[in-house]
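J.: Take a look at query.pdb, PDB, C-alpha atoms and all ligand atoms:
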ATOM      1  CA  MET A   1     107.248  89.283 108.209
ATOM      2  CA  LYS A   2     108.720  87.933 104.993
ATOM      3  CA  ALA A   3     107.015  86.676 101.853
ATOM      4  CA  ALA A   4     106.462  82.940 101.453
ATOM      5  CA  ALA A   5     108.847  81.313  98.965
ATOM      6  CA  PHE A   6     107.914  81.757  95.298
ATOM      7  CA  GLU A   7     109.337  81.067  91.860
ATOM      8  CA  PHE A   8     110.218  84.033  89.673
ATOM      9  CA  GLU A   9     110.091  84.416  85.885
ATOM     10  CA  ARG A  10     110.878  87.555  83.906
ATOM     11  CA  ALA A  11     108.517  87.837  80.946
ATOM     12  CA  THR A  12     110.289  88.726  77.709
ATOM     13  CA  SER A  13     107.107  89.712  75.844
ATOM     14  CA  VAL A  14     103.390  90.108  76.464
ATOM     15  CA  GLN A  15     102.861  86.766  74.725
ATOM     16  CA  HIS A  16     105.417  85.133  77.043
ATOM     17  CA  ALA A  17     103.572  86.527  80.094
ATOM     18  CA  LEU A  18     100.238  85.262  78.723
ATOM     19  CA  THR A  19     101.725  81.796  78.142
ATOM     20  CA  LEU A  20     103.100  81.664  81.680
ATOM     21  CA  MET A  21      99.761  82.780  83.101
ATOM     22  CA  ALA A  22      97.865  80.208  81.049
ATOM     23  CA  LYS A  23     100.235  77.485  82.260
ATOM     24  CA  HIS A  24     100.186  78.373  85.968
ATOM     25  CA  GLY A  25      96.641  79.745  86.383
ATOM     26  CA  ASP A  26      95.744  80.953  89.878
ATOM     27  CA  ASP A  27      99.200  79.974  91.174
ATOM     28  CA  ALA A  28     100.813  82.841  89.257
ATOM     29  CA  LYS A  29     100.692  86.586  89.792
ATOM     30  CA  LEU A  30     101.961  89.446  87.677
ATOM     31  CA  ILE A  31     104.330  91.940  89.238
ATOM     32  CA  ALA A  32     104.862  95.379  87.676
ATOM     33  CA  GLY A  33     106.202  98.109  90.023
ATOM     34  CA  GLY A  34     105.674  95.873  93.057
ATOM     35  CA  GLN A  35     104.677  98.858  95.199
ATOM     36  CA  THR A  36     101.441  97.228  96.296
ATOM     37  CA  LEU A  37     102.141  93.583  95.625
ATOM     38  CA  MET A  38     105.380  93.375  97.643
ATOM     39  CA  ALA A  39     103.574  94.626 100.749
ATOM     40  CA  THR A  40     100.778  92.080 100.321
ATOM     41  CA  LEU A  41     103.340  89.284  99.791
ATOM     42  CA  ASN A  42     105.343  90.327 102.834
ATOM     43  CA  MET A  43     102.187  90.362 104.934
ATOM     44  CA  ARG A  44     101.289  86.970 103.422
ATOM     45  CA  LEU A  45      97.938  88.295 102.240
ATOM     46  CA  SER A  46      98.873  86.733  98.923
ATOM     47  CA  GLU A  47     101.063  83.639  98.443
ATOM     48  CA  PRO A  48     101.486  82.982  94.717
ATOM     49  CA  ALA A  49     103.738  80.077  93.735
ATOM     50  CA  LEU A  50     105.097  82.094  90.775
ATOM     51  CA  LEU A  51     105.709  85.799  90.202
ATOM     52  CA  ILE A  52     105.736  86.858  86.549
ATOM     53  CA  ASP A  53     107.748  90.054  86.284
ATOM     54  CA  ILE A  54     106.480  92.235  83.430
ATOM     55  CA  SER A  55     108.490  95.317  84.386
ATOM     56  CA  SER A  56     110.958  95.028  81.500
ATOM     57  CA  LEU A  57     108.295  95.007  78.759
ATOM     58  CA  THR A  58     109.232  98.458  77.491
ATOM     59  CA  GLU A  59     106.630  98.271  74.728
ATOM     60  CA  LEU A  60     104.048  98.767  77.521
ATOM     61  CA  ARG A  61     105.749 101.916  78.743
ATOM     62  CA  GLU A  62     104.895 104.453  76.088
ATOM     63  CA  ILE A  63     102.687 107.510  75.967
ATOM     64  CA  LYS A  64     101.364 108.318  72.522
ATOM     65  CA  LEU A  65      98.685 110.331  70.834
ATOM     66  CA  THR A  66      96.320 108.534  68.465
ATOM     67  CA  ASP A  67      93.612 110.125  66.305
ATOM     68  CA  THR A  68      91.096 109.747  69.108
ATOM     69  CA  ALA A  69      92.945 109.325  72.383
ATOM     70  CA  LEU A  70      96.027 109.686  74.519
ATOM     71  CA  ARG A  71      97.190 106.097  74.969
ATOM     72  CA  ILE A  72      99.295 105.391  78.042
ATOM     73  CA  GLY A  73     100.960 101.987  78.340
ATOM     74  CA  ALA A  74     100.279  99.949  81.462
ATOM     75  CA  LEU A  75     103.910 100.015  82.585
ATOM     76  CA  THR A  76     104.173 103.780  82.419
ATOM     77  CA  THR A  77     105.141 104.890  85.911
ATOM     78  CA  HIS A  78     103.248 107.471  87.928
ATOM     79  CA  ARG A  79     106.323 109.700  87.602
ATOM     80  CA  ASP A  80     106.427 109.305  83.788
ATOM     81  CA  ILE A  81     102.838 110.550  83.715
ATOM     82  CA  GLU A  82     103.575 113.415  86.086
ATOM     83  CA  ARG A  83     106.443 114.666  83.914
ATOM     84  CA  SER A  84     104.997 114.061  80.440
ATOM     85  CA  ALA A  85     104.405 117.156  78.288
ATOM     86  CA  LEU A  86     102.008 115.107  76.126
ATOM     87  CA  VAL A  87      99.932 114.235  79.185
ATOM     88  CA  ALA A  88      99.975 117.862  80.376
ATOM     89  CA  GLU A  89      98.660 118.958  76.983
ATOM     90  CA  HIS A  90      96.073 116.254  76.324
ATOM     91  CA  ALA A  91      95.060 114.926  79.757
ATOM     92  CA  PRO A  92      95.910 117.721  82.228
ATOM     93  CA  LEU A  93      93.715 116.096  84.868
ATOM     94  CA  LEU A  94      96.364 113.365  85.183
ATOM     95  CA  THR A  95      99.128 115.948  85.572
ATOM     96  CA  GLN A  96      97.188 117.548  88.407
ATOM     97  CA  ALA A  97      96.481 114.204  90.095
ATOM     98  CA  ALA A  98      99.968 112.681  89.787
ATOM     99  CA  PRO A  99     101.674 114.537  92.664
ATOM    100  CA  HIS A 100      98.991 113.134  94.983
ATOM    101  CA  VAL A 101      99.956 109.524  94.194
ATOM    102  CA  ALA A 102     102.099 108.404  97.135
ATOM    103  CA  HIS A 103     105.665 109.813  97.317
ATOM    104  CA  ILE A 104     108.253 110.310  94.568
ATOM    105  CA  ALA A 105     110.145 107.097  95.452
ATOM    106  CA  ILE A 106     106.925 105.120  94.916
ATOM    107  CA  ARG A 107     105.888 107.132  91.863
ATOM    108  CA  ASN A 108     109.251 106.295  90.267
ATOM    109  CA  VAL A 109     108.350 102.595  90.088
ATOM    110  CA  GLY A 110     104.593 102.189  90.591
ATOM    111  CA  THR A 111     102.681 101.869  87.323
ATOM    112  CA  LEU A 112      99.400 102.970  85.807
ATOM    113  CA  GLY A 113      98.419  99.361  85.009
ATOM    114  CA  GLY A 114      99.231  98.188  88.538
ATOM    115  CA  SER A 115      97.074 100.908  90.029
ATOM    116  CA  LEU A 116      94.124 100.158  87.719
ATOM    117  CA  ALA A 117      94.424  96.398  88.335
ATOM    118  CA  PHE A 118      94.657  96.802  92.103
ATOM    119  CA  ALA A 119      91.494  98.983  92.045
ATOM    120  CA  ASP A 120      91.952 100.710  95.361
ATOM    121  CA  PRO A 121      88.912 102.991  95.794
ATOM    122  CA  ALA A 122      91.219 105.620  97.345
ATOM    123  CA  ALA A 123      93.637 105.638  94.377
ATOM    124  CA  GLU A 124      93.901 108.551  91.953
ATOM    125  CA  TRP A 125      94.124 106.891  88.502
ATOM    126  CA  PRO A 126      90.854 104.944  88.633
ATOM    127  CA  VAL A 127      88.971 108.146  89.491
ATOM    128  CA  CYS A 128      90.640 110.094  86.675
ATOM    129  CA  ALA A 129      89.925 107.247  84.238
ATOM    130  CA  MET A 130      86.229 107.381  85.191
ATOM    131  CA  ALA A 131      85.967 111.181  84.936
ATOM    132  CA  LEU A 132      87.670 111.178  81.526
ATOM    133  CA  ASP A 133      85.639 108.192  80.258
ATOM    134  CA  ALA A 134      88.816 106.249  79.518
ATOM    135  CA  THR A 135      89.023 102.780  78.021
ATOM    136  CA  ILE A 136      91.159 100.079  79.606
ATOM    137  CA  VAL A 137      92.785  97.805  77.044
ATOM    138  CA  VAL A 138      93.513  94.242  78.171
ATOM    139  CA  VAL A 139      94.835  91.158  76.404
ATOM    140  CA  GLY A 140      94.292  87.496  77.213
ATOM    141  CA  ALA A 141      94.416  84.140  75.492
ATOM    142  CA  ALA A 142      91.324  85.102  73.467
ATOM    143  CA  GLY A 143      92.862  88.367  72.229
ATOM    144  CA  GLU A 144      92.181  92.007  73.088
ATOM    145  CA  ARG A 145      89.267  93.364  75.122
ATOM    146  CA  ARG A 146      88.441  97.048  75.537
ATOM    147  CA  ILE A 147      86.615  97.849  78.757
ATOM    148  CA  ALA A 148      85.128 101.233  79.675
ATOM    149  CA  ALA A 149      86.753 102.443  82.898
ATOM    150  CA  ARG A 150      83.247 103.299  84.073
ATOM    151  CA  GLU A 151      82.427  99.579  84.037
ATOM    152  CA  PHE A 152      85.831  98.191  84.990
ATOM    153  CA  PHE A 153      85.762  98.669  88.784
ATOM    154  CA  THR A 154      83.163  96.274  90.142
ATOM    155  CA  ASP A 155      83.762  96.160  93.927
ATOM    156  CA  LEU A 156      86.433  96.696  96.582
ATOM    157  CA  TYR A 157      89.720  95.684  94.855
ATOM    158  CA  GLU A 158      87.613  93.903  92.201
ATOM    159  CA  THR A 159      87.620  94.547  88.475
ATOM    160  CA  GLN A 160      86.397  93.023  85.250
ATOM    161  CA  LEU A 161      89.910  91.703  84.581
ATOM    162  CA  ALA A 162      89.606  87.953  84.016
ATOM    163  CA  GLN A 163      92.094  85.279  85.076
ATOM    164  CA  GLY A 164      94.998  85.256  82.617
ATOM    165  CA  GLU A 165      94.455  88.799  81.297
ATOM    166  CA  ILE A 166      96.986  91.656  81.337
ATOM    167  CA  ILE A 167      96.217  95.357  81.177
ATOM    168  CA  VAL A 168      98.306  96.711  78.306
ATOM    169  CA  ALA A 169      97.160 100.332  78.145
ATOM    170  CA  CYS A 170      94.599 102.911  79.111
ATOM    171  CA  GLU A 171      93.201 105.273  76.485
ATOM    172  CA  PHE A 172      92.013 108.724  77.502
ATOM    173  CA  PRO A 173      89.789 110.281  74.796
ATOM    174  CA  ARG A 174      91.003 113.551  73.306
ATOM    175  CA  GLN A 175      89.228 116.402  75.046
ATOM    176  CA  ALA A 176      86.998 118.899  73.223
ATOM    177  CA  ALA A 177      88.420 122.411  72.982
ATOM    178  CA  GLY A 178      87.560 124.468  76.050
ATOM    179  CA  THR A 179      87.358 121.513  78.440
ATOM    180  CA  CYS A 180      88.491 122.350  81.975
ATOM    181  CA  ASN A 181      89.816 119.833  84.494
ATOM    182  CA  VAL A 182      90.224 120.037  88.256
ATOM    183  CA  PHE A 183      91.639 117.403  90.593
ATOM    184  CA  LEU A 184      91.545 118.020  94.342
ATOM    185  CA  GLU A 185      92.022 115.787  97.349
ATOM    186  CA  LEU A 186      92.312 115.893 101.102
ATOM    187  CA  ALA A 187      94.787 113.610 102.858
ATOM    188  CA  ARG A 188      96.080 113.670 106.413
ATOM    189  CA  ARG A 189      99.618 114.090 105.029
ATOM    190  CA  HIS A 190     100.609 114.748 101.441
ATOM    191  CA  GLY A 191     101.327 111.404  99.764
ATOM    192  CA  ASP A 192      99.045 109.406 102.027
ATOM    193  CA  TYR A 193      96.014 107.732 100.511
ATOM    194  CA  ALA A 194      93.340 110.435 100.487
ATOM    195  CA  ILE A 195      90.324 110.705 102.774
ATOM    196  CA  VAL A 196      88.373 112.100  99.848
ATOM    197  CA  GLY A 197      89.265 113.295  96.378
ATOM    198  CA  ILE A 198      87.447 114.590  93.328
ATOM    199  CA  ALA A 199      88.063 114.790  89.605
ATOM    200  CA  ALA A 200      85.816 117.360  87.929
ATOM    201  CA  VAL A 201      85.711 117.872  84.170
ATOM    202  CA  GLY A 202      83.509 120.045  81.965
ATOM    203  CA  ARG A 203      83.239 122.867  79.449
ATOM    204  CA  VAL A 204      82.518 126.276  80.877
ATOM    205  CA  ALA A 205      80.297 128.810  79.119
ATOM    206  CA  ASN A 206      78.631 131.868  80.662
ATOM    207  CA  GLU A 207      79.427 130.761  84.198
ATOM    208  CA  THR A 208      77.741 127.390  83.662
ATOM    209  CA  ILE A 209      79.278 123.963  83.074
ATOM    210  CA  GLN A 210      78.344 121.698  80.177
ATOM    211  CA  GLY A 211      79.139 117.980  80.067
ATOM    212  CA  LEU A 212      80.043 118.000  83.753
ATOM    213  CA  GLN A 213      81.659 114.804  85.088
ATOM    214  CA  LEU A 214      82.231 114.364  88.823
ATOM    215  CA  SER A 215      84.230 111.379  90.030
ATOM    216  CA  TYR A 216      85.181 110.616  93.654
ATOM    217  CA  LEU A 217      87.813 108.612  95.471
ATOM    218  CA  GLY A 218      87.609 107.386  99.046
ATOM    219  CA  MET A 219      83.820 107.614  99.037
ATOM    220  CA  GLY A 220      82.774 103.986  98.612
ATOM    221  CA  SER A 221      84.026 100.526  97.734
ATOM    222  CA  THR A 222      84.853 101.640  94.171
ATOM    223  CA  PRO A 223      85.654 104.964  92.534
ATOM    224  CA  ILE A 224      82.301 106.687  92.070
ATOM    225  CA  LEU A 225      81.003 108.658  89.104
ATOM    226  CA  ALA A 226      78.272 110.883  90.552
ATOM    227  CA  ARG A 227      75.960 111.112  87.555
ATOM    228  CA  GLY A 228      72.988 112.509  89.491
ATOM    229  CA  ALA A 229      74.965 115.300  91.117
ATOM    230  CA  ALA A 230      76.482 116.289  87.766
ATOM    231  CA  ALA A 231      73.053 116.236  86.096
ATOM    232  CA  ALA A 232      71.652 118.514  88.812
ATOM    233  CA  LEU A 233      74.131 121.208  87.776
ATOM    234  CA  GLU A 234      74.311 120.565  84.031
ATOM    235  CA  GLY A 235      74.185 123.903  82.235
ATOM    236  CA  LYS A 236      73.075 125.719  85.379
ATOM    237  CA  PRO A 237      74.759 128.500  87.349
ATOM    238  CA  LEU A 238      76.219 127.819  90.793
ATOM    239  CA  THR A 239      73.280 129.275  92.733
ATOM    240  CA  GLU A 240      72.413 128.171  96.254
ATOM    241  CA  VAL A 241      69.323 126.298  95.018
ATOM    242  CA  ASN A 242      71.284 124.413  92.353
ATOM    243  CA  ILE A 243      74.085 123.590  94.787
ATOM    244  CA  ASP A 244      71.526 122.221  97.263
ATOM    245  CA  ALA A 245      70.022 120.031  94.531
ATOM    246  CA  MET A 246      73.495 118.779  93.603
ATOM    247  CA  ASN A 247      74.341 118.024  97.236
ATOM    248  CA  ALA A 248      71.069 116.117  97.698
ATOM    249  CA  ALA A 249      71.924 113.916  94.718
ATOM    250  CA  LEU A 250      75.500 113.521  95.947
ATOM    251  CA  ALA A 251      74.329 112.272  99.354
ATOM    252  CA  ASN A 252      72.577 109.371  97.597
ATOM    253  CA  GLU A 253      75.467 108.530  95.310
ATOM    254  CA  LEU A 254      78.395 108.543  97.736
ATOM    255  CA  ASP A 255      78.669 105.703 100.215
ATOM    256  CA  PRO A 256      81.743 106.226 102.406
ATOM    257  CA  SER A 257      82.507 104.074 105.442
ATOM    258  CA  GLY A 258      83.719 105.787 108.563
ATOM    259  CA  ASP A 259      87.174 104.825 109.826
ATOM    260  CA  LEU A 260      89.416 105.422 112.805
ATOM    261  CA  TYR A 261      89.985 109.063 111.878
ATOM    262  CA  THR A 262      86.987 110.233 109.860
ATOM    263  CA  GLN A 263      83.295 109.586 110.441
ATOM    264  CA  THR A 264      80.931 108.916 107.547
ATOM    265  CA  ALA A 265      79.153 112.256 108.062
ATOM    266  CA  THR A 266      82.508 114.079 108.008
ATOM    267  CA  LYS A 267      83.438 112.383 104.726
ATOM    268  CA  HIS A 268      80.129 113.506 103.190
ATOM    269  CA  HIS A 269      80.809 117.034 104.440
ATOM    270  CA  LEU A 270      84.363 117.023 103.026
ATOM    271  CA  ALA A 271      83.073 115.753  99.676
ATOM    272  CA  ARG A 272      80.599 118.655  99.510
ATOM    273  CA  VAL A 273      83.349 121.140 100.387
ATOM    274  CA  LEU A 274      85.752 119.755  97.766
ATOM    275  CA  THR A 275      83.006 119.609  95.135
ATOM    276  CA  LEU A 276      82.120 123.259  95.525
ATOM    277  CA  ARG A 277      85.795 124.200  95.513
ATOM    278  CA  ALA A 278      86.357 122.173  92.336
ATOM    279  CA  LEU A 279      83.326 123.681  90.592
ATOM    280  CA  ARG A 280      84.416 127.220  91.464
ATOM    281  CA  GLN A 281      87.882 126.476  90.091
ATOM    282  CA  LEU A 282      86.365 125.036  86.924
ATOM    283  CA  ILE A 283      84.214 128.109  86.384
ATOM    284  CA  SER A 284      87.000 130.566  87.145
ATOM    285  CA  GLY A 285      89.238 128.661  84.738
ATOM    286  CA  SER A 286      92.055 128.661  87.280
ATOM    287  CA  ASN A 287      92.777 125.019  86.405
ATOM    288  CA  GLN A 288      92.705 123.969  82.773
TER
HETATM  289  C1  LIG A 301     103.500 103.828 101.077
HETATM  290  C2  LIG A 301     102.640 103.734  99.857
HETATM  291  C3  LIG A 301     101.749 104.764  99.599
HETATM  292  C4  LIG A 301     100.926 104.701  98.471
HETATM  293  N1  LIG A 301     100.056 105.736  98.244
HETATM  294  C5  LIG A 301      99.295 105.712  97.138
HETATM  295  C6  LIG A 301      98.405 106.791  96.841
HETATM  296  O1  LIG A 301      98.321 107.798  97.546
HETATM  297  N2  LIG A 301      97.638 106.679  95.717
HETATM  298  C7  LIG A 301      97.719 105.588  94.884
HETATM  299  O2  LIG A 301      97.005 105.541  93.895
HETATM  300  N3  LIG A 301      98.567 104.576  95.133
HETATM  301  C8  LIG A 301      99.348 104.609  96.216
HETATM  302  N4  LIG A 301     100.206 103.569  96.466
HETATM  303  C9  LIG A 301     100.215 102.405  95.532
HETATM  304  C10 LIG A 301     101.128 102.653  94.338
HETATM  305  O3  LIG A 301     100.573 103.677  93.546
HETATM  306  C11 LIG A 301     101.293 101.407  93.475
HETATM  307  O4  LIG A 301     102.347 101.694  92.628
HETATM  308  C12 LIG A 301     100.140 100.980  92.595
HETATM  309  O5  LIG A 301      98.941 100.858  93.288
HETATM  310  C13 LIG A 301     100.391  99.591  91.997
HETATM  311  O6  LIG A 301     101.252  99.699  90.934
HETATM  312  P1  LIG A 301     102.482  98.694  90.805
HETATM  313  O7  LIG A 301     102.998  98.873  89.432
HETATM  314  O8  LIG A 301     103.402  98.935  91.926
HETATM  315  O9  LIG A 301     101.738  97.293  90.877
HETATM  316  P2  LIG A 301     102.158  95.878  91.615
HETATM  317  O10 LIG A 301     102.358  96.175  93.044
HETATM  318  O11 LIG A 301     103.312  95.307  90.850
HETATM  319  O12 LIG A 301     100.876  95.073  91.335
HETATM  320  C14 LIG A 301      99.646  95.407  91.962
HETATM  321  C15 LIG A 301      98.562  94.418  91.472
HETATM  322  O13 LIG A 301      98.256  94.670  90.113
HETATM  323  C16 LIG A 301      98.526  93.498  89.299
HETATM  324  N5  LIG A 301      99.078  94.041  88.061
HETATM  325  C17 LIG A 301     100.158  94.863  87.937
HETATM  326  N6  LIG A 301     100.306  95.231  86.653
HETATM  327  C18 LIG A 301      99.315  94.613  85.949
HETATM  328  C19 LIG A 301      98.929  94.624  84.569
HETATM  329  N7  LIG A 301      99.577  95.351  83.646
HETATM  330  N8  LIG A 301      97.863  93.886  84.207
HETATM  331  C20 LIG A 301      97.169  93.170  85.122
HETATM  332  N9  LIG A 301      97.466  93.134  86.438
HETATM  333  C21 LIG A 301      98.538  93.851  86.847
HETATM  334  C22 LIG A 301      99.480  92.644  90.118
HETATM  335  O14 LIG A 301      99.329  91.273  89.803
HETATM  336  C23 LIG A 301      99.004  92.956  91.535
HETATM  337  O15 LIG A 301      97.861  92.180  91.846
HETATM  338  C24 LIG A 301     101.033 103.590  97.576
HETATM  339  C25 LIG A 301     101.956 102.561  97.823
HETATM  340  C26 LIG A 301     102.751 102.627  98.948
HETATM  341  C27 LIG A 301     103.751 101.521  99.188
END
Would you give me this structure, written as structure tokens?
T.:
Amino acid sequence: MKAAAFEFERATSVQHALTLMAKHGDDAKLIAGGQTLMATLNMRLSEPALLIDISSLTELREIKLTDTALRIGALTTHRDIERSALVAEHAPLLTQAAPHVAHIAIRNVGTLGGSLAFADPAAEWPVCAMALDATIVVVGAAGERRIAAREFFTDLYETQLAQGEIIVACEFPRQAAGTCNVFLELARRHGDYAIVGIAAVGRVANETIQGLQLSYLGMGSTPILARGAAAALEGKPLTEVNIDAMNAALANELDPSGDLYTQTATKHHLARVLTLRALRQLISGSNQ
């Protein structure tokens, strides 16, 4: 199938893109890497009258360190993130997660902003943004809005992004010294969307984890931050009793749907397996 006919405009600045969006409203759609949008156009799941190409706005493709955060521009590609020394130093969770995002050909063009805007619950960046308590920076006609990633993803493919707004960056707070990060996922084949994945972050002291954050992909209609499960283990050793308490909380917080290949109960089981694996890696310090 081929996409329905559409007009095409290349935005020359963020302001130009905002003006075009204000003028065309619901009839217009932004295109960044096109790795998701082109498929939806070709399947005619979306038929915008105008595509606004933002891919040449190089000012949205930078990775920089501020006093408080690592700021990654919305047009930074998955591959840029994977290969960035600054990201490896200040947000190593992203470096671990990047190779799991699709295949290199897709990572070369797909963007951070496109992934956050599309809000696929099986995608890697939304889950990392939640675990790291990132802030998504958007601009619209009324100016800039800063939205906590933990509040950004509202439902399946739904976000707080309003009509006419563009994601310009995502800010990942600088991590406290001694913070450990682990990203793990299970997929049928490497590069496929995962069945289940986890981002685990915390500071390890005396075989316990402080400030533990557990965030899951593929386990519900949005990425899920499992606050109850993390609280059950906060500052406690990985004993059988504590793991059972964590798993009980996790069962209430995760809400996966079964699919053709994996039943709901299997997904819960896989999430428990990955969680324990991630926690053991955190404690052993084998992933920083
Ligand atoms: C075969 C295949 C496998 C894939 N596997 C994975 C995977 O394992 N994990 C994963 O995370 N992703 C995967 N993807 C998706 C890929 O990562 C996409 O690159 C990403 O989801 C969207 O980024 P994009 O820049 O291509 O966005 P586009 O396709 O250009 O846009 C996607 C949506 O976001 C909107 N948008 C884009 N940029 C902005 C912005 N700055 N502000 C506001 N709205 C914006 C567009 O209007 C559109 O609605 C896969 C894709 C393919 C084709």
J.: Expanded to explicit residues, what is the PyMOL selection byres (((chain A and resi 200) around 8) and not hetatm) for this file, as a CSV table (one decimal) with C-alpha atoms, in the coordinates of the input?
T.:
chain,number,residue,atom,x,y,z
A,131,ALA,CA,86.0,111.2,84.9
A,181,ASN,CA,89.8,119.8,84.5
A,182,VAL,CA,90.2,120.0,88.3
A,183,PHE,CA,91.6,117.4,90.6
A,198,ILE,CA,87.4,114.6,93.3
A,199,ALA,CA,88.1,114.8,89.6
A,201,VAL,CA,85.7,117.9,84.2
A,202,GLY,CA,83.5,120.0,82.0
A,212,LEU,CA,80.0,118.0,83.8
A,213,GLN,CA,81.7,114.8,85.1
A,214,LEU,CA,82.2,114.4,88.8
A,215,SER,CA,84.2,111.4,90.0
A,278,ALA,CA,86.4,122.2,92.3
A,279,LEU,CA,83.3,123.7,90.6
A,282,LEU,CA,86.4,125.0,86.9
J.: Counting all atoms listed in the file, what are the residues, protein, DNA or RNA alike, that approach ligand LIG 301 (chain A) to within 6 Å? I want them as number ranges by chain.
T.: A: 29-37, 74, 100-102, 110-111, 113-115, 117-118, 123-124, 166-168, 191-193
J.: For Leu20 (chain A), which residue out of A:Leu51, A:Leu161, A:Ile104, A:Gly197 is the nearest one, using all atoms listed in the file?
T.: A:Leu51
J.: Starting from the displayed file, determine the output of the PyMOL selection byres (((chain A and resi 174-179) around 8) and not hetatm) and express the residue list as number ranges by chain.
T.: A: 68-70, 90-91, 172-173, 180-181, 201-204, 288
J.: Identify which of the residues A:Asn242, A:Asn206, A:Thr12, A:Thr19 lies closest to Glu165 (chain A), counting only C-alpha atoms when measuring atom-to-atom distances.
T.: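 Ranking A:Asn242, A:Asn206, A:Thr12, A:Thr19 by distance to Glu165 (chain A), first place goes to A:Thr19.
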J.: What is the distance between CA of Ser13 (chain A) and CA of Leu132 (chain A), in Å to one decimal?
T.: 29.5 Å
J.: If you count all atoms listed in the file, which residues fall within 7 Å of Phe6 (chain A), apart from same-chain ones fewer than 4 positions away, as an MDAnalysis selection string?
T.: chainID A and resid 48:51
J.: Could you take the residues named above and write them with C-alpha atoms, as a compact mmCIF listing (two decimals), in the frame of the given file?
T.:
# COMPACT_ATOMS: atom_id res chain seq x y z
CA PRO A 48 101.49 82.98 94.72
CA ALA A 49 103.74 80.08 93.74
CA LEU A 50 105.10 82.09 90.78
CA LEU A 51 105.71 85.80 90.20
J.: Hey, what's within 10 Å of region 228-231 of chain A if we count only C-alpha atoms and toss same-chain stuff fewer than 3 positions away? As number ranges by chain, please?
T.: A: 200, 202, 209-215, 225, 234-236, 242-253, 275
J.: Give the centre and edge lengths of an axis-aligned box, in Å to one decimal, that holds all listed atoms of region 33-47 of chain A with 5 Å on each side, as JSON.
T.:
{"center_x": 102.1, "center_y": 91.2, "center_z": 97.5, "size_x": 18.3, "size_y": 25.2, "size_z": 24.9}
J.: Can you list, as a list in words, the residues that the PyMOL selection byres (((chain A and resi 1) around 12) and not hetatm) selects here?
T.: Lys2, Ala3, Ala4, Met38, Ala39, Thr40, Leu41, Asn42, Met43, Arg44 and Leu45 of chain A
J.: Go ahead and dump the residues you just picked, C-alpha atoms, as an mmCIF file, in the coordinates of the input.
T.:
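File written: part04.cif
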data_model
loop_
_atom_site.group_PDB
_atom_site.id
_atom_site.type_symbol
_atom_site.label_atom_id
_atom_site.label_comp_id
_atom_site.auth_asym_id
_atom_site.auth_seq_id
_atom_site.Cartn_x
_atom_site.Cartn_y
_atom_site.Cartn_z
ATOM 1 C CA LYS A 2 108.720 87.933 104.993
ATOM 2 C CA ALA A 3 107.015 86.676 101.853
ATOM 3 C CA ALA A 4 106.462 82.940 101.453
ATOM 4 C CA MET A 38 105.380 93.375 97.643
ATOM 5 C CA ALA A 39 103.574 94.626 100.749
ATOM 6 C CA THR A 40 100.778 92.080 100.321
ATOM 7 C CA LEU A 41 103.340 89.284 99.791
ATOM 8 C CA ASN A 42 105.343 90.327 102.834
ATOM 9 C CA MET A 43 102.187 90.362 104.934
ATOM 10 C CA ARG A 44 101.289 86.970 103.422
ATOM 11 C CA LEU A 45 97.938 88.295 102.240
#
J.: Please compute the CA of Thr266 (chain A)-CA of Pro223 (chain A) distance, one decimal, in Å.
T.: 18.2 Å
J.: Given the choices A:His24, A:Arg10, A:Arg150, A:His268, which gets closest to Ile224 (chain A) if the distance is worked out from all atoms listed in the file?
T.: A:Arg150
J.: So the first atom is CA of Ala265 (chain A) and the second is CA of Gly218 (chain A); what is the distance between them in Å, to one decimal place?
T.: 13.3 Å
J.: Using all atoms listed in the file, can you tell me which of A:Ile52, A:Cys128, A:Leu184, A:Leu260 comes closest to Ala11 (chain A)?
T.: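 Smallest distance to Ala11 (chain A) is found for A:Ile52.
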J.: May I ask which of the residues A:Ser55, A:Gln160, A:Thr208, A:Gln15 is the closest one to Val139 (chain A), counting all atoms listed in the file?
T.: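 Using all atoms listed in the file, the shortest distance to Val139 (chain A) belongs to A:Gln15.
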